[in-house]
Structure formats: structure tokens, C-alpha cells
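J.: Sharing work_8.cif (mmCIF, C-alpha atoms) below.
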```cif
data_run
loop_
_atom_site.label_atom_id
_atom_site.label_comp_id
_atom_site.auth_asym_id
_atom_site.auth_seq_id
_atom_site.Cartn_x
_atom_site.Cartn_y
_atom_site.Cartn_z
CA MET A 1 -14.34 46.11 21.11
CA ALA A 2 -14.47 49.78 20.20
CA GLU A 3 -11.48 49.33 17.96
CA THR A 4 -13.17 46.61 15.96
CA GLU A 5 -16.18 48.90 15.23
CA LYS A 6 -14.04 51.77 13.90
CA PRO A 7 -12.67 49.86 10.93
CA LYS A 8 -16.24 48.78 9.96
CA ALA A 9 -17.66 52.30 10.16
CA ALA A 10 -14.76 53.86 8.30
CA ALA A 11 -14.61 51.31 5.52
CA LYS A 12 -12.91 52.80 2.50
CA PRO A 13 -13.01 51.29 -0.90
CA ALA A 14 -9.77 49.40 -0.83
CA PRO A 15 -8.56 46.15 -2.22
CA ALA A 16 -10.21 43.10 -0.70
CA ARG A 17 -7.03 41.84 0.83
CA LYS A 18 -6.42 44.91 2.94
CA ALA A 19 -10.01 45.13 4.12
CA THR A 20 -9.93 41.56 5.43
CA ALA A 21 -6.50 42.03 6.92
CA LYS A 22 -7.46 45.12 8.93
CA PRO A 23 -10.39 43.55 10.76
CA ALA A 24 -8.30 40.43 11.50
CA ALA A 25 -5.48 42.59 12.84
CA ALA A 26 -7.93 44.60 14.88
CA LYS A 27 -9.49 41.45 16.30
CA THR A 28 -6.05 40.12 17.17
CA ALA A 29 -5.06 43.38 18.88
CA ALA A 30 -8.31 43.51 20.79
CA ALA A 31 -7.92 39.88 21.83
CA THR A 32 -4.35 40.53 22.95
CA LYS A 33 -5.37 43.58 24.98
CA ALA A 34 -8.22 41.69 26.56
CA ALA A 35 -6.01 38.69 27.30
CA LYS A 36 -3.19 40.68 28.86
CA PRO A 37 -5.11 42.03 31.83
CA ALA A 38 -6.62 38.61 32.48
CA ALA A 39 -3.20 36.94 32.31
CA THR A 40 -1.53 39.47 34.58
CA THR A 41 -4.27 39.30 37.17
CA SER A 42 -4.42 35.50 37.25
CA ALA A 43 -0.62 34.93 37.29
CA PRO A 44 0.08 36.60 40.66
CA LYS A 45 -2.79 34.69 42.24
CA ALA A 46 -1.32 31.41 41.00
CA VAL A 47 2.12 32.39 42.28
CA ALA A 48 0.69 33.48 45.61
CA LYS A 49 -1.07 30.13 45.99
CA ALA A 50 2.11 28.16 45.13
CA GLN A 51 4.32 29.99 47.63
CA PRO A 52 3.70 29.80 51.38
CA ALA A 53 3.38 33.00 53.37
CA LYS A 54 6.66 34.73 54.16
CA GLY A 55 6.25 34.32 57.93
CA LYS A 56 5.87 30.56 57.53
CA THR A 57 9.08 30.19 55.48
CA ASP A 58 11.08 32.23 57.98
CA GLY A 59 10.05 29.86 60.76
CA VAL A 60 10.92 26.78 58.70
CA THR A 61 14.24 28.25 57.62
CA SER A 62 15.26 29.10 61.16
CA LYS A 63 14.19 25.64 62.34
CA VAL A 64 16.26 23.93 59.63
CA LYS A 65 19.27 26.11 60.44
CA SER A 66 18.91 25.33 64.12
CA GLU A 67 18.69 21.59 63.45
CA MET A 68 21.72 21.73 61.14
CA ASN A 69 23.74 23.54 63.81
CA ASP A 70 22.71 20.92 66.37
CA PHE A 71 23.70 18.15 63.97
CA LYS A 72 27.06 19.82 63.27
CA SER A 73 27.82 20.20 66.96
CA LYS A 74 26.84 16.59 67.69
CA ALA A 75 28.99 15.35 64.80
CA ALA A 76 31.94 17.46 65.95
CA ASP A 77 31.56 16.19 69.52
CA SER A 78 31.36 12.60 68.29
CA ALA A 79 34.43 13.02 66.09
CA ARG A 80 36.34 14.67 68.93
CA ALA A 81 35.42 11.81 71.30
CA ALA A 82 36.53 9.22 68.74
CA ALA A 83 39.79 11.10 68.15
CA LYS A 84 40.42 11.30 71.91
CA LYS A 85 39.80 7.58 72.24
CA GLY A 86 42.17 6.90 69.33
CA LYS A 87 44.78 9.20 70.86
CA ASP A 88 44.55 7.36 74.16
CA ARG A 89 44.98 4.00 72.44
CA ALA A 90 47.92 5.27 70.40
CA THR A 91 49.55 6.70 73.53
CA GLU A 92 49.19 3.35 75.30
CA ALA A 93 50.63 1.52 72.29
CA VAL A 94 53.63 3.83 72.02
CA ASP A 95 54.22 3.57 75.77
CA SER A 96 54.06 -0.23 75.51
CA ILE A 97 56.62 -0.17 72.70
CA GLY A 98 58.91 1.94 74.90
CA LYS A 99 58.57 -0.53 77.76
CA LEU A 100 59.20 -3.43 75.40
CA ILE A 101 62.39 -1.81 74.14
CA ARG A 102 63.50 -1.09 77.71
CA ASP A 103 62.82 -4.69 78.77
CA SER A 104 64.78 -6.04 75.83
CA ALA A 105 67.78 -3.78 76.60
CA ALA A 106 69.09 -6.27 79.17
CA THR A 107 68.95 -9.08 76.61
CA ILE A 108 70.71 -6.85 74.09
CA ASP A 109 73.44 -6.19 76.73
CA ASP A 110 74.02 -9.92 77.11
CA ASN A 111 73.87 -10.88 73.41
CA VAL A 112 75.38 -7.95 71.53
CA GLY A 113 77.11 -5.75 74.08
CA LYS A 114 76.56 -3.01 76.64
CA GLN A 115 76.90 -0.22 74.07
CA TYR A 116 73.93 -1.50 72.03
CA GLY A 117 71.91 -2.01 75.21
CA ASP A 118 72.50 1.66 76.00
CA TYR A 119 71.22 2.56 72.52
CA ALA A 120 68.11 0.54 73.24
CA ARG A 121 67.61 2.34 76.57
CA SER A 122 67.98 5.78 74.98
CA ALA A 123 65.53 4.73 72.25
CA ALA A 124 63.11 3.56 74.96
CA ASP A 125 63.49 6.93 76.72
CA MET A 126 62.71 8.78 73.49
CA VAL A 127 59.68 6.60 72.74
CA GLU A 128 58.33 6.97 76.29
CA GLY A 129 58.97 10.73 76.15
CA PHE A 130 57.01 10.91 72.90
CA ALA A 131 54.18 8.96 74.52
CA GLY A 132 54.18 11.40 77.45
CA LYS A 133 54.04 14.42 75.12
CA MET A 134 51.24 12.82 73.15
CA ASP A 135 49.30 12.11 76.32
CA ALA A 136 49.76 15.68 77.61
CA LYS A 137 48.35 17.33 74.45
CA ASP A 138 44.71 17.43 73.50
CA VAL A 139 43.41 16.30 70.12
CA ASP A 140 43.22 19.81 68.65
CA ALA A 141 46.85 20.54 69.55
CA LEU A 142 47.96 17.26 67.98
CA ALA A 143 46.03 18.10 64.81
CA ASP A 144 47.68 21.53 64.68
CA ASP A 145 51.11 19.93 65.13
CA ALA A 146 50.38 17.52 62.30
CA ARG A 147 49.28 20.38 60.01
CA GLN A 148 52.44 22.34 60.77
CA PHE A 149 54.59 19.28 60.12
CA VAL A 150 52.91 18.70 56.75
CA ARG A 151 53.37 22.37 55.80
CA LYS A 152 57.05 22.35 56.76
CA SER A 153 57.95 19.09 55.02
CA PRO A 154 55.24 17.79 52.70
CA ALA A 155 57.56 15.24 51.05
CA VAL A 156 58.28 13.55 54.37
CA ALA A 157 54.56 13.58 55.23
CA VAL A 158 53.64 11.95 51.92
CA GLY A 159 56.40 9.38 52.33
CA ALA A 160 55.30 8.59 55.88
CA ALA A 161 51.68 8.25 54.76
CA ALA A 162 52.73 5.88 51.96
CA ALA A 163 54.83 3.81 54.35
CA ILE A 164 52.04 3.61 56.91
CA GLY A 165 49.58 2.65 54.19
CA PHE A 166 51.92 -0.07 52.97
CA VAL A 167 52.36 -1.48 56.48
CA LEU A 168 48.61 -1.38 57.15
CA ALA A 169 47.88 -3.11 53.83
CA ARG A 170 50.39 -5.86 54.67
CA LEU A 171 48.87 -6.29 58.14
CA ILE A 172 45.36 -6.51 56.74
CA ARG A 173 46.42 -8.92 54.01
CA SER A 174 48.28 -11.20 56.44
CA GLY A 175 45.42 -11.00 58.94
CA GLY A 176 42.94 -12.12 56.29
CA LYS A 177 44.98 -15.26 55.46
CA ASP A 178 45.26 -16.33 59.09
CA ALA A 179 41.53 -15.99 59.81
#
```
Any chance you could put this one into C-alpha cells?

T.:
Amino acid sequence: MAETEKPKAAAKPAPARKATAKPAAAKTAAATKAAKPAATTSAPKAVAKAQPAKGKTDGVTSKVKSEMNDFKSKAADSARAAAKKGKDRATEAVDSIGKLIRDSAATIDDNVGKQYGDYARSAADMVEGFAGKMDAKDVDALADDARQFVRKSPAVAVGAAAAIGFVLARLIRSGGKDA
């Protein structure tokens, strides 16, 4: 307000345009100065009201982190249990295939010859040995073995995945027609 009085008291004979411009500029400057302190004092209060106290956010953050860790551990345990169940089923299936090959070796002896029956028995031994190795390892060790195999020969892994996918698609397609 003091600035607006100075231009009035020290009015010099000047053109009309400048005289009107100075008081307007002075009013604008005074209004800006008066508005700045009000704006700076009210802004932090508004921000302080919008944000919760720091102690409250720390508690919420730690609670969310704790719940996420619990969820992660439960999900990992559930996935590990499902993988173990799948491993057990696969081991039983491979073992059954080995027994089936061994049982058919006698029929192969009679129909084709003893030499081919021996091939069937050695194949049955290999399949049953694979089933035993699979049963002896835990899920994590099997996953590590699979990763190493993919790293050593990615082309074979991609080919095997494509072949398995093709076989599964054929099984699903044929199963849908029968049902």
C-alpha cells in the first residue's frame, strides 16, 4: 500500500498515458506482493491436509510389504506343491511305460525275434532308470536340470517343445471329438 501512495505524492507532469500506467503497475505489484505471502502460507496447509502423517504411511507401507511377502510365500508354496504333484504323476506314468515295454518284450520275442525283445528290455531298463532318477530328485533340481539342458542345446529344447505341443494338441482335438 505504501508503494501506491508514493506515485500519487510524487506526481510529475508527464503524459497522461504514463501517469495511468504507473499507478496500474504499482497496484499490480502491490497485489502480487500481497498475494504471494497468502498463497505460500495457504499452499503448505493444503498439502499437509492432503497427505497423511509420516508415521501413518510408514505403518501402512510396512503392512503392505508384509502382506505381499506372505502372498509371495504362499504362492511359491502352492506352486511347489503343484509341481511336486505333477512330478509324482509324471514319474508314475514313465514307470508304467517302462513296465508296459517290459511286459511286451516277451510278445516281441515270440513275434519278431529274441534280439528285438532284448532291445525292448534294454529300453524298459532305460525308461525305468529315468523314472527312478526323476523320483529321486526334488522339483528344484529338476528345474535346474531343465534350465541347463535348454542352455546347452536350445534348438533341441525348442524342437521338443514343438513336438510335445503338437502331440498335446492332437490329443485334445481327438478327445473333444470322442466326448

J.: Would you work out the distance separating CA of Ala136 in chain A from CA of Gly98 in chain A, expressed in Å to one decimal?

T.: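 Between CA of Ala136 in chain A and CA of Gly98 in chain A the gap works out to 16.7 Å.
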
J.: Env of Gly132 in chain A: 12 Å cut, atoms = all atoms listed in the file, seq-sep filter 6 positions within chain, self excluded. Answer as a PyMOL selection string.

T.: chain A and resi 87-88+90-96+98+125-126+138

J.: In Å, with one decimal, what is the gap from CA of Leu142 in chain A to CA of Ser78 in chain A?

T.: 17.2 Å

J.: Rounded to one decimal in Å, what is the spacing between CA of Val139 in chain A and CA of Gly165 in chain A?

T.: 21.9 Å

J.: Written as a VMD selection string, what is the full residue list that the PyMOL selection byres ((chain A and resi 124) around 12) yields on the file shown?

T.: chain A and resid 94 to 105 117 to 123 125 to 131

J.: Go ahead and fit an axis-aligned box to every listed atom of range 72-90 of chain A plus 6 Å each side, and pass me the centre and edge lengths in Å, one decimal, as lines of an AutoDock Vina configuration file.

T.:
```
center_x = 37.4
center_y = 12.1
center_z = 68.7
size_x = 33.1
size_y = 28.2
size_z = 22.9
```
